[in-house]
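Student: If you scroll down you'll find the structure; I have some questions about it.
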Amino acid sequence: MTAGHTGNPSTAGRAAALSARLEARPGMPPGPKASGPVRLVRAPGRVNLIGEHTDYNEGLVLPAAIDREIWIAFQGWDRPEVELTSAEFDDTRSFSFEGLSPETRGAKSWIDYVAATAWAMREAGLPIRGFRGVMNSTIPIGSGLSSSAALEMASSWALAVPGAPRPDPGAMAAIAQRGENRYVGVNCGIMDQFASAAGMAGNALLIDCRINQFTTAPMPTGLSLVVCETGSSRKLEASAYNTRRSECELGVKLIAEREPGVRALRDVDEAMLERNRDRLPEVVARRCEHVVREDARVMASVAALRDGDLDALGRLFAASHASLRDLYEVSSPELDAMVDIAVSVPGVIASRMTGAGFGGCTVSLVERRAEEALREAVLAQYQKRTGLEPRVYIVAAVDGAGEVILGA
Ligand code: GLA
């Protein structure tokens with residue numbers, strides 16, 4: 001659902017608290033006035049079931065938007081400016097549309113993701129409108145559940161001129177991704193923005209990152225989606241992420257010298273990789289092997305979800321995790337320990353690291369009756385093994401970003 005997310009009691013309570021905070025803010029600056037009632041937009045974080053480090057290789061991913069969300073209560077105004085308060089940080093930031101460009105970006109701040117979206121929307125020819133707003137978030141920050149992509153997608157709704165035509169979720173995700181790549185300077189793929197934009201309640205999304213289209217893959221009833229946060233730092237992430245991207249690009253370049261028509265690792269299958277392995281530096285060959293096989297695992301996982309083949313899901317998640325650990329080298333001792341603990345719990349069907357890696361979270365598919373056993377096992381064992389405090393979230397797949405219509 002892109003708009004008209006139906007209000008429920010907690011929705012109404014959260015909306016009322018945010019709106020009250022917006023209205024209690026010091027008066028409007030002189031000049032143009034905010035117009036119209038307070039509106040509310042939301043955008044979810046995401047967890048990726050499988051298909052890791054494949055999006056920027058034009059491959060396949062299988063994320064779900066989750067019920068950890070960013071909300072913005074806002075009023076549009078006729079100033080070319082955004083003024084936004086983060087309720088969590090108790091911090092108000094603003095930026096002007098005038099002269100907005102990656103070159104003039106100020107000191108790094110969370111508002112950059114909003115400014116990046118405004119910049120990219122304008123670059124794409126979409127009309128934008130200023131607003132004053134207050135946001136809050138239930139997405140743990142820095143955990144790898146895509147709070148930045150959610151902020152971008154919520155912003156894309158708040159910035160849109162009411163009534164103006166809106167690109168479809170995949171196109172809007174591509175615009176926000178461009179903002180993050182070019183304005184913020186983070187070289188991410190499209191998965192996080194896409195999942196936040198296009199999520200469907202009760203479903204994972206099979207996204208083809210070559211054509212930016214998706215189909216839905218229903219989550220099996222009876223299984224819960226559990227996210228375990230390792231609490232370990234993702235400090236290395238940005239530089240190591242970019243290195244992995246370049247290694248994949250080098251692989252494509254070297255393979256394409258002998259195999260015309262290869263534009264991305266999506267065009268390479270296992271046989272082609274094997275016959276070109278001698279041309280590739282050893283580390284590049286391993287990176288490529290991960291990506292090529294991970295795409296195949298995504299398709300196999302969609303089939304296993306459809307057929308309720310739980311054993312296959314367990315094997316595919318385990319193979320993905322091992323490949324990310326050994327071939328792509330983006331896991332960490334903490335992620336490995338978390339997966340190890342999870343798979344030892346009866347009723348845990350499948351478990352692996354999720355997202356970019358180097359810390360962050362794992363994702364597990366768990367029989368409902370085993371949810372608490374998993375939580376207890378993690379709480380009892382993880383800290384002893386790593387010295388870090390874990391967090392366990394049972395999450396649900398929800399709709400993508402949109403306006404919240406209260407009382408609908
Ligand atoms: C991060 C990026 C995504 C994707 C994943 C790895 O979340 O933002 O685009 O590349 O890492 O699968």
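Ligands are numbered from 1 in the order shown, residues from 1 within each chain, and chains are lettered A, B, ... in the order they appear in the structure tokens.
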From a backbone DSSP assignment, name each residue in region 43-126 of chain A labelled helix (DSSP H, G or I), as a ChimeraX atom specification.
Tutor: /A:55-57,102-104,112-123
Student: Which residues are close to region 245-261 of chain A, i.e. within 12 Å by only C-alpha atoms, leaving aside same-chain residues fewer than 6 positions away? Reply as a PyMOL selection string.
Tutor: chain A and resi 53-58+186-189+238-239+267-269+272-292+328+356
Student: Could you work out how far CA of Gly347 (chain A) lies from CA of Ser196 (chain A), giving the answer in Å with one decimal?
Tutor: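 One can read the CA of Ser196 (chain A) to CA of Gly347 (chain A) distance as 28.8 Å.
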Student: Need the shell around Leu365 (chain A): protein/DNA/RNA residues with any atom at most 9 Å away, counting only C-alpha atoms. Skip same-chain ones fewer than 6 positions apart. Format as a PyMOL selection string?
Tutor: chain A and resi 49+223-226+313-314+347-351
Student: Measuring atom to atom with only C-alpha atoms, identify which of A:Leu379, A:Gly144, A:Glu98, A:Glu69 is nearest to Thr11 (chain A).
Tutor: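 Of the candidates, the smallest distance to Thr11 (chain A) is held by A:Glu69.
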Student: Excluding region 12-24 of chain A and its own-chain neighbours fewer than 6 positions away, which residues fall within 10 Å of it when counting only C-alpha atoms? Please give them as a ChimeraX atom specification.
Tutor: /A:6,37-41,71-75,84-85,87,132-136,404-407
Student: Nearest to Phe95 (chain A) among A:Phe131, A:Tyr393, A:Trp77, A:Phe194, with distances taken over only C-alpha atoms: which residue is it?
Tutor: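 Result for the nearest residue to Phe95 (chain A): A:Phe131.
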Student: For the structure I just gave you, how does DSSP split region 247-392 of chain A - specifically, which residues are strand (DSSP E)? Reply as a ChimeraX atom specification.
Tutor: /A:348-354,361-367,391-392
Student: For the atom pair CA of Pro218 (chain A) and CA of Glu376 (chain A), what is the interatomic distance in Å to one decimal place?
Tutor: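 CA of Glu376 (chain A) lies at a distance of 27.8 Å from CA of Pro218 (chain A).
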